[in-house]
Amino acid sequence: MTWSCRGRAQLRALLLSLLGWVCSCVTTALPQWKTLNLELNEMETWIMGLWEVCVNTEVVAAVCKAFESPLSLPRERQVSRLLMVASHVGVLGLLLSGFGFECCQFHRIRWVFKRRLCILGGTLEASTSVTTLFPVSWMAYATIQDFWDDSIPEIVPRWEFGDAFYLGWAAGTFLVLSGLLLIFSACLGKEDVPSPQMAGPTAPPSYAPAEESDGSFHLIQRSRNLGI
């Protein structure tokens with residue numbers, strides 16, 4: 001099967017969208033948003049996510065405890081919860097744009113409508129990237145502020161970046177690239193051209209006999225606007 005430039009762009013957008021959506025879901029569920037290593041007890045490692053805090057030890061398996069009340073959490077953590085859950089709506093943009101792909105052929109669906117579906121899906125994908133990058137970057141900014149806070153004694157351990165930050169940034173990047181590719185693929189299209197199957201049957205031209213001055217006859221084409 002030969003893929004056009006538009007079809008290849010849509011295929012890449014599909015793969016990036018799937019990858020970004022999966023990374024966004026994993027980022028939301030991971031507890032490794034922040035890590036804390038205790039110098040006095042190197043066998044323990046604390047990790048904190050959006051939903052729970054865990055302690056990893058070499059002797060016992062990880063012990064996790066969910067946050068009791070969302071209202072007791074810092075503001076950036078509350079907003080990050082909402083935005084990360086809202087970022088999963090990006091799968092809706094993927095489904096909408098899928099109906100506008102070049103490889104999906106549906107009867108009586110014009111290219112103009114398919115192009116609008118691609119633009120709508122690309123816009124949703126780009127919006128989803130914002131709801132993914134913003135909470136991850138805000139949490140990272142809050143972590144940096146706490147790490148360099150001079151009011152905290154140096155002997156107190158500081159929270160550092162976890163793996164979820166990098167995975168969230170990757171998810172946002174994949175989503176914004178997929179959205180831009182979908183919009184770009186819609187700009188590569190052209191208007192509908194009626195296909196031979198859609199066009200009605202063409203009636204053969206009608207002819208009428210005409211008499212020459214010498215008594216012979218020949219055929220001339222009859223106008224369609226004239227009645228018989």
# chains A, B, ... in the order shown; residues from 1 in each chain; ligands from 1

$ residues_around --residues "Leu181 of chain A" --least-positions-apart "4" --cutoff "12 Å" --atoms "only C-alpha atoms" --output "PDB file with all heavy atoms, in the first residue's frame"
ATOM      1  N   CYS A   5       1.877  11.694   1.501  1.00  0.00           N
ATOM      2  CA  CYS A   5       2.496  12.517   2.543  1.00  0.00           C
ATOM      3  C   CYS A   5       1.517  12.758   3.684  1.00  0.00           C
ATOM      4  O   CYS A   5       1.896  12.728   4.852  1.00  0.00           O
ATOM      5  CB  CYS A   5       2.963  13.837   1.939  1.00  0.00           C
ATOM      6  SG  CYS A   5       3.807  14.922   3.107  1.00  0.00           S
ATOM      7  N   ARG A   6       0.246  12.964   3.347  1.00  0.00           N
ATOM      8  CA  ARG A   6      -0.770  13.174   4.373  1.00  0.00           C
ATOM      9  C   ARG A   6      -0.981  11.910   5.199  1.00  0.00           C
ATOM     10  O   ARG A   6      -1.115  11.963   6.422  1.00  0.00           O
ATOM     11  CB  ARG A   6      -2.080  13.609   3.724  1.00  0.00           C
ATOM     12  CG  ARG A   6      -3.186  13.904   4.720  1.00  0.00           C
ATOM     13  CD  ARG A   6      -4.421  14.467   4.039  1.00  0.00           C
ATOM     14  NE  ARG A   6      -5.052  13.508   3.145  1.00  0.00           N
ATOM     15  CZ  ARG A   6      -5.075  13.606   1.833  1.00  0.00           C
ATOM     16  NH1 ARG A   6      -4.469  14.604   1.233  1.00  0.00           N
ATOM     17  NH2 ARG A   6      -5.685  12.704   1.089  1.00  0.00           N
ATOM     18  N   GLY A   7      -1.005  10.759   4.547  1.00  0.00           N
ATOM     19  CA  GLY A   7      -1.192   9.504   5.265  1.00  0.00           C
ATOM     20  C   GLY A   7      -0.034   9.186   6.194  1.00  0.00           C
ATOM     21  O   GLY A   7      -0.242   8.696   7.313  1.00  0.00           O
ATOM     22  N   ARG A   8       1.184   9.470   5.749  1.00  0.00           N
ATOM     23  CA  ARG A   8       2.341   9.227   6.621  1.00  0.00           C
ATOM     24  C   ARG A   8       2.325  10.146   7.829  1.00  0.00           C
ATOM     25  O   ARG A   8       2.676   9.736   8.945  1.00  0.00           O
ATOM     26  CB  ARG A   8       3.633   9.406   5.819  1.00  0.00           C
ATOM     27  CG  ARG A   8       3.876   8.314   4.789  1.00  0.00           C
ATOM     28  CD  ARG A   8       5.308   8.369   4.271  1.00  0.00           C
ATOM     29  NE  ARG A   8       5.562   9.611   3.556  1.00  0.00           N
ATOM     30  CZ  ARG A   8       5.415   9.765   2.247  1.00  0.00           C
ATOM     31  NH1 ARG A   8       4.980   8.737   1.509  1.00  0.00           N
ATOM     32  NH2 ARG A   8       5.689  10.908   1.656  1.00  0.00           N
ATOM     33  N   ALA A   9       1.933  11.409   7.629  1.00  0.00           N
ATOM     34  CA  ALA A   9       1.846  12.339   8.762  1.00  0.00           C
ATOM     35  C   ALA A   9       0.784  11.892   9.754  1.00  0.00           C
ATOM     36  O   ALA A   9       0.985  11.975  10.981  1.00  0.00           O
ATOM     37  CB  ALA A   9       1.547  13.749   8.252  1.00  0.00           C
ATOM     38  N   GLN A  10      -0.338  11.402   9.266  1.00  0.00           N
ATOM     39  CA  GLN A  10      -1.389  10.932  10.159  1.00  0.00           C
ATOM     40  C   GLN A  10      -0.970   9.677  10.909  1.00  0.00           C
ATOM     41  O   GLN A  10      -1.310   9.508  12.087  1.00  0.00           O
ATOM     42  CB  GLN A  10      -2.656  10.672   9.350  1.00  0.00           C
ATOM     43  CG  GLN A  10      -3.312  11.922   8.815  1.00  0.00           C
ATOM     44  CD  GLN A  10      -4.463  11.621   7.880  1.00  0.00           C
ATOM     45  OE1 GLN A  10      -4.640  10.479   7.451  1.00  0.00           O
ATOM     46  NE2 GLN A  10      -5.250  12.638   7.554  1.00  0.00           N
ATOM     47  N   LEU A  11      -0.217   8.798  10.265  1.00  0.00           N
ATOM     48  CA  LEU A  11       0.262   7.597  10.936  1.00  0.00           C
ATOM     49  C   LEU A  11       1.247   7.945  12.051  1.00  0.00           C
ATOM     50  O   LEU A  11       1.182   7.387  13.157  1.00  0.00           O
ATOM     51  CB  LEU A  11       0.905   6.656   9.920  1.00  0.00           C
ATOM     52  CG  LEU A  11       1.452   5.336  10.474  1.00  0.00           C
ATOM     53  CD1 LEU A  11       0.335   4.519  11.095  1.00  0.00           C
ATOM     54  CD2 LEU A  11       2.148   4.537   9.379  1.00  0.00           C
ATOM     55  N   ARG A  12       2.150   8.879  11.790  1.00  0.00           N
ATOM     56  CA  ARG A  12       3.082   9.307  12.835  1.00  0.00           C
ATOM     57  C   ARG A  12       2.337   9.979  13.991  1.00  0.00           C
ATOM     58  O   ARG A  12       2.690   9.783  15.164  1.00  0.00           O
ATOM     59  CB  ARG A  12       4.117  10.264  12.243  1.00  0.00           C
ATOM     60  CG  ARG A  12       5.065   9.616  11.249  1.00  0.00           C
ATOM     61  CD  ARG A  12       6.182  10.565  10.854  1.00  0.00           C
ATOM     62  NE  ARG A  12       7.083   9.965   9.884  1.00  0.00           N
ATOM     63  CZ  ARG A  12       7.034  10.159   8.583  1.00  0.00           C
ATOM     64  NH1 ARG A  12       6.099  10.957   8.080  1.00  0.00           N
ATOM     65  NH2 ARG A  12       7.904   9.582   7.765  1.00  0.00           N
ATOM     66  N   ALA A  13       1.328  10.774  13.652  1.00  0.00           N
ATOM     67  CA  ALA A  13       0.537  11.414  14.708  1.00  0.00           C
ATOM     68  C   ALA A  13      -0.181  10.377  15.556  1.00  0.00           C
ATOM     69  O   ALA A  13      -0.289  10.533  16.792  1.00  0.00           O
ATOM     70  CB  ALA A  13      -0.464  12.379  14.084  1.00  0.00           C
ATOM     71  N   LEU A  14      -0.665   9.308  14.939  1.00  0.00           N
ATOM     72  CA  LEU A  14      -1.337   8.251  15.690  1.00  0.00           C
ATOM     73  C   LEU A  14      -0.383   7.572  16.667  1.00  0.00           C
ATOM     74  O   LEU A  14      -0.723   7.363  17.839  1.00  0.00           O
ATOM     75  CB  LEU A  14      -1.918   7.227  14.713  1.00  0.00           C
ATOM     76  CG  LEU A  14      -2.528   5.968  15.328  1.00  0.00           C
ATOM     77  CD1 LEU A  14      -3.726   6.320  16.182  1.00  0.00           C
ATOM     78  CD2 LEU A  14      -2.914   4.970  14.236  1.00  0.00           C
ATOM     79  N   LEU A  15       0.807   7.247  16.205  1.00  0.00           N
ATOM     80  CA  LEU A  15       1.784   6.588  17.083  1.00  0.00           C
ATOM     81  C   LEU A  15       2.218   7.501  18.224  1.00  0.00           C
ATOM     82  O   LEU A  15       2.313   7.070  19.381  1.00  0.00           O
ATOM     83  CB  LEU A  15       2.994   6.147  16.252  1.00  0.00           C
ATOM     84  CG  LEU A  15       2.725   5.100  15.161  1.00  0.00           C
ATOM     85  CD1 LEU A  15       4.006   4.797  14.380  1.00  0.00           C
ATOM     86  CD2 LEU A  15       2.157   3.828  15.755  1.00  0.00           C
ATOM     87  N   LEU A  16       2.475   8.770  17.915  1.00  0.00           N
ATOM     88  CA  LEU A  16       2.866   9.707  18.970  1.00  0.00           C
ATOM     89  C   LEU A  16       1.739   9.932  19.971  1.00  0.00           C
ATOM     90  O   LEU A  16       1.987  10.061  21.174  1.00  0.00           O
ATOM     91  CB  LEU A  16       3.284  11.036  18.342  1.00  0.00           C
ATOM     92  CG  LEU A  16       4.614  11.062  17.599  1.00  0.00           C
ATOM     93  CD1 LEU A  16       4.818  12.401  16.907  1.00  0.00           C
ATOM     94  CD2 LEU A  16       5.775  10.781  18.554  1.00  0.00           C
ATOM     95  N   SER A  17       0.509   9.977  19.484  1.00  0.00           N
ATOM     96  CA  SER A  17      -0.623  10.176  20.381  1.00  0.00           C
ATOM     97  C   SER A  17      -0.798   8.989  21.320  1.00  0.00           C
ATOM     98  O   SER A  17      -1.032   9.168  22.523  1.00  0.00           O
ATOM     99  CB  SER A  17      -1.892  10.405  19.568  1.00  0.00           C
ATOM    100  OG  SER A  17      -3.010  10.587  20.412  1.00  0.00           O
ATOM    101  N   SER A  97     -10.012  12.105  15.474  1.00  0.00           N
ATOM    102  CA  SER A  97      -9.128  12.247  14.320  1.00  0.00           C
ATOM    103  C   SER A  97      -8.988  10.946  13.545  1.00  0.00           C
ATOM    104  O   SER A  97      -8.685  10.962  12.344  1.00  0.00           O
ATOM    105  CB  SER A  97      -7.751  12.730  14.782  1.00  0.00           C
ATOM    106  OG  SER A  97      -7.177  11.807  15.699  1.00  0.00           O
ATOM    107  N   PHE A 101      -8.774  10.007   9.164  1.00  0.00           N
ATOM    108  CA  PHE A 101      -7.544   9.518   8.555  1.00  0.00           C
ATOM    109  C   PHE A 101      -7.794   9.098   7.113  1.00  0.00           C
ATOM    110  O   PHE A 101      -8.893   8.684   6.739  1.00  0.00           O
ATOM    111  CB  PHE A 101      -6.980   8.343   9.346  1.00  0.00           C
ATOM    112  CG  PHE A 101      -6.271   8.750  10.604  1.00  0.00           C
ATOM    113  CD1 PHE A 101      -5.729   7.794  11.443  1.00  0.00           C
ATOM    114  CD2 PHE A 101      -6.146  10.093  10.959  1.00  0.00           C
ATOM    115  CE1 PHE A 101      -5.079   8.169  12.601  1.00  0.00           C
ATOM    116  CE2 PHE A 101      -5.502  10.470  12.111  1.00  0.00           C
ATOM    117  CZ  PHE A 101      -4.960   9.505  12.936  1.00  0.00           C
ATOM    118  N   CYS A 118      -9.818  15.988  11.683  1.00  0.00           N
ATOM    119  CA  CYS A 118      -8.381  16.008  11.979  1.00  0.00           C
ATOM    120  C   CYS A 118      -7.979  17.279  12.727  1.00  0.00           C
ATOM    121  O   CYS A 118      -7.179  17.232  13.668  1.00  0.00           O
ATOM    122  CB  CYS A 118      -7.576  15.872  10.687  1.00  0.00           C
ATOM    123  SG  CYS A 118      -7.595  14.230   9.948  1.00  0.00           S
ATOM    124  N   ILE A 119      -8.540  18.407  12.319  1.00  0.00           N
ATOM    125  CA  ILE A 119      -8.217  19.657  12.999  1.00  0.00           C
ATOM    126  C   ILE A 119      -8.740  19.638  14.434  1.00  0.00           C
ATOM    127  O   ILE A 119      -8.050  20.059  15.379  1.00  0.00           O
ATOM    128  CB  ILE A 119      -8.796  20.849  12.214  1.00  0.00           C
ATOM    129  CG1 ILE A 119      -8.098  20.977  10.860  1.00  0.00           C
ATOM    130  CG2 ILE A 119      -8.661  22.138  13.010  1.00  0.00           C
ATOM    131  CD1 ILE A 119      -8.670  22.074   9.979  1.00  0.00           C
ATOM    132  N   GLY A 121      -9.360  16.935  16.290  1.00  0.00           N
ATOM    133  CA  GLY A 121      -8.544  15.994  17.058  1.00  0.00           C
ATOM    134  C   GLY A 121      -7.173  16.548  17.387  1.00  0.00           C
ATOM    135  O   GLY A 121      -6.669  16.362  18.502  1.00  0.00           O
ATOM    136  N   GLY A 122      -6.555  17.256  16.438  1.00  0.00           N
ATOM    137  CA  GLY A 122      -5.252  17.863  16.708  1.00  0.00           C
ATOM    138  C   GLY A 122      -5.332  18.947  17.765  1.00  0.00           C
ATOM    139  O   GLY A 122      -4.422  19.083  18.597  1.00  0.00           O
ATOM    140  N   THR A 123      -6.420  19.715  17.762  1.00  0.00           N
ATOM    141  CA  THR A 123      -6.594  20.749  18.789  1.00  0.00           C
ATOM    142  C   THR A 123      -6.751  20.127  20.171  1.00  0.00           C
ATOM    143  O   THR A 123      -6.192  20.625  21.159  1.00  0.00           O
ATOM    144  CB  THR A 123      -7.816  21.613  18.450  1.00  0.00           C
ATOM    145  OG1 THR A 123      -7.651  22.160  17.135  1.00  0.00           O
ATOM    146  CG2 THR A 123      -7.955  22.749  19.443  1.00  0.00           C
ATOM    147  N   GLU A 125      -5.567  17.222  21.101  1.00  0.00           N
ATOM    148  CA  GLU A 125      -4.268  16.661  21.476  1.00  0.00           C
ATOM    149  C   GLU A 125      -3.334  17.757  21.997  1.00  0.00           C
ATOM    150  O   GLU A 125      -2.632  17.576  22.997  1.00  0.00           O
ATOM    151  CB  GLU A 125      -3.636  15.963  20.275  1.00  0.00           C
ATOM    152  CG  GLU A 125      -4.346  14.701  19.839  1.00  0.00           C
ATOM    153  CD  GLU A 125      -4.170  13.563  20.816  1.00  0.00           C
ATOM    154  OE1 GLU A 125      -3.186  13.569  21.566  1.00  0.00           O
ATOM    155  OE2 GLU A 125      -5.029  12.668  20.845  1.00  0.00           O
ATOM    156  N   ALA A 126      -3.326  18.906  21.322  1.00  0.00           N
ATOM    157  CA  ALA A 126      -2.480  20.003  21.775  1.00  0.00           C
ATOM    158  C   ALA A 126      -2.945  20.533  23.134  1.00  0.00           C
ATOM    159  O   ALA A 126      -2.115  20.874  23.994  1.00  0.00           O
ATOM    160  CB  ALA A 126      -2.481  21.121  20.737  1.00  0.00           C
ATOM    161  N   PHE A 174       5.170  14.349  23.314  1.00  0.00           N
ATOM    162  CA  PHE A 174       4.552  13.465  22.318  1.00  0.00           C
ATOM    163  C   PHE A 174       3.162  13.958  21.927  1.00  0.00           C
ATOM    164  O   PHE A 174       2.782  13.921  20.748  1.00  0.00           O
ATOM    165  CB  PHE A 174       4.459  12.037  22.871  1.00  0.00           C
ATOM    166  CG  PHE A 174       5.787  11.371  23.051  1.00  0.00           C
ATOM    167  CD1 PHE A 174       5.994  10.454  24.070  1.00  0.00           C
ATOM    168  CD2 PHE A 174       6.844  11.657  22.200  1.00  0.00           C
ATOM    169  CE1 PHE A 174       7.225   9.843  24.244  1.00  0.00           C
ATOM    170  CE2 PHE A 174       8.086  11.051  22.357  1.00  0.00           C
ATOM    171  CZ  PHE A 174       8.269  10.138  23.386  1.00  0.00           C
ATOM    172  N   LEU A 175       2.400  14.428  22.905  1.00  0.00           N
ATOM    173  CA  LEU A 175       1.039  14.874  22.622  1.00  0.00           C
ATOM    174  C   LEU A 175       1.020  16.142  21.770  1.00  0.00           C
ATOM    175  O   LEU A 175       0.203  16.269  20.850  1.00  0.00           O
ATOM    176  CB  LEU A 175       0.287  15.103  23.934  1.00  0.00           C
ATOM    177  CG  LEU A 175      -0.062  13.832  24.725  1.00  0.00           C
ATOM    178  CD1 LEU A 175      -0.649  14.193  26.082  1.00  0.00           C
ATOM    179  CD2 LEU A 175      -1.033  12.961  23.952  1.00  0.00           C
ATOM    180  N   VAL A 176       1.902  17.090  22.074  1.00  0.00           N
ATOM    181  CA  VAL A 176       1.901  18.321  21.285  1.00  0.00           C
ATOM    182  C   VAL A 176       2.395  18.053  19.861  1.00  0.00           C
ATOM    183  O   VAL A 176       1.885  18.643  18.895  1.00  0.00           O
ATOM    184  CB  VAL A 176       2.747  19.402  21.985  1.00  0.00           C
ATOM    185  CG1 VAL A 176       4.224  19.090  21.943  1.00  0.00           C
ATOM    186  CG2 VAL A 176       2.475  20.775  21.376  1.00  0.00           C
ATOM    187  N   LEU A 177       3.334  17.148  19.700  1.00  0.00           N
ATOM    188  CA  LEU A 177       3.796  16.802  18.355  1.00  0.00           C
ATOM    189  C   LEU A 177       2.702  16.098  17.556  1.00  0.00           C
ATOM    190  O   LEU A 177       2.525  16.362  16.356  1.00  0.00           O
ATOM    191  CB  LEU A 177       5.043  15.916  18.441  1.00  0.00           C
ATOM    192  CG  LEU A 177       6.330  16.597  18.900  1.00  0.00           C
ATOM    193  CD1 LEU A 177       7.468  15.586  18.993  1.00  0.00           C
ATOM    194  CD2 LEU A 177       6.716  17.733  17.954  1.00  0.00           C
ATOM    195  N   SER A 185      -1.460  17.629   8.705  1.00  0.00           N
ATOM    196  CA  SER A 185      -2.005  16.699   7.709  1.00  0.00           C
ATOM    197  C   SER A 185      -3.318  17.212   7.129  1.00  0.00           C
ATOM    198  O   SER A 185      -3.625  16.971   5.963  1.00  0.00           O
ATOM    199  CB  SER A 185      -2.218  15.323   8.347  1.00  0.00           C
ATOM    200  OG  SER A 185      -3.225  15.374   9.345  1.00  0.00           O
ATOM    201  N   ALA A 186      -4.108  17.931   7.949  1.00  0.00           N
ATOM    202  CA  ALA A 186      -5.351  18.498   7.431  1.00  0.00           C
ATOM    203  C   ALA A 186      -5.078  19.608   6.424  1.00  0.00           C
ATOM    204  O   ALA A 186      -5.848  19.804   5.477  1.00  0.00           O
ATOM    205  CB  ALA A 186      -6.205  19.026   8.585  1.00  0.00           C
ATOM    206  N   CYS A 187      -3.994  20.332   6.605  1.00  0.00           N
ATOM    207  CA  CYS A 187      -3.642  21.400   5.657  1.00  0.00           C
ATOM    208  C   CYS A 187      -3.117  20.854   4.336  1.00  0.00           C
ATOM    209  O   CYS A 187      -3.062  21.591   3.348  1.00  0.00           O
ATOM    210  CB  CYS A 187      -2.604  22.326   6.279  1.00  0.00           C
ATOM    211  SG  CYS A 187      -3.175  23.204   7.760  1.00  0.00           S
ATOM    212  N   LEU A 188      -2.722  19.589   4.314  1.00  0.00           N
ATOM    213  CA  LEU A 188      -2.211  18.999   3.080  1.00  0.00           C
ATOM    214  C   LEU A 188      -3.308  18.502   2.163  1.00  0.00           C
ATOM    215  O   LEU A 188      -3.040  18.104   1.042  1.00  0.00           O
ATOM    216  CB  LEU A 188      -1.284  17.816   3.407  1.00  0.00           C
ATOM    217  CG  LEU A 188       0.024  18.154   4.116  1.00  0.00           C
ATOM    218  CD1 LEU A 188       0.785  16.872   4.420  1.00  0.00           C
ATOM    219  CD2 LEU A 188       0.872  19.078   3.268  1.00  0.00           C
TER     220      LEU A 188
END

$ select_by_dssp --residues "segment 70-99 of chain A" --states "alpha helix (DSSP H)" --output "NGL selection string"
:A and (75-86 or 90-98)

$ atom_distance --atom1 "atom CA of Leu82 of chain A" --atom2 "atom CA of Asn56 of chain A"
27.1 Å

$ atom_distance --atom1 "atom CA of Val91 of chain A" --atom2 "atom CA of Trp21 of chain A"
6.9 Å

$ closest_residue --among "A:Thr45, A:Thr57, A:Ser151, A:Thr128" --to "Leu94 of chain A" --atoms "only C-alpha atoms"
A:Thr128

$ select_by_dssp --residues "segment 54-155 of chain A" --states "strand (DSSP E)" --output "JSON, numbers by chain"
{"A": [54, 55, 56, 57, 63, 64, 65, 66]}

$ residues_around --residues "Trp51 of chain A" --least-positions-apart "2" --cutoff "8 Å" --atoms "only C-alpha atoms" --output "VMD selection string"
chain A and resid 29 31 49 53 66 to 67

$ closest_residue --among "A:Lys65, A:Trp33, A:Leu124, A:Val79" --to "Ser178 of chain A" --atoms "only C-alpha atoms"
A:Leu124

$ closest_residue --among "A:Glu44, A:Thr27, A:Phe184, A:Ser80" --to "Val63 of chain A" --atoms "only C-alpha atoms"
A:Glu44

$ closest_residue --among "A:Phe161, A:Thr132, A:Cys25, A:Leu95" --to "Ile144 of chain A" --atoms "only C-alpha atoms"
A:Phe161
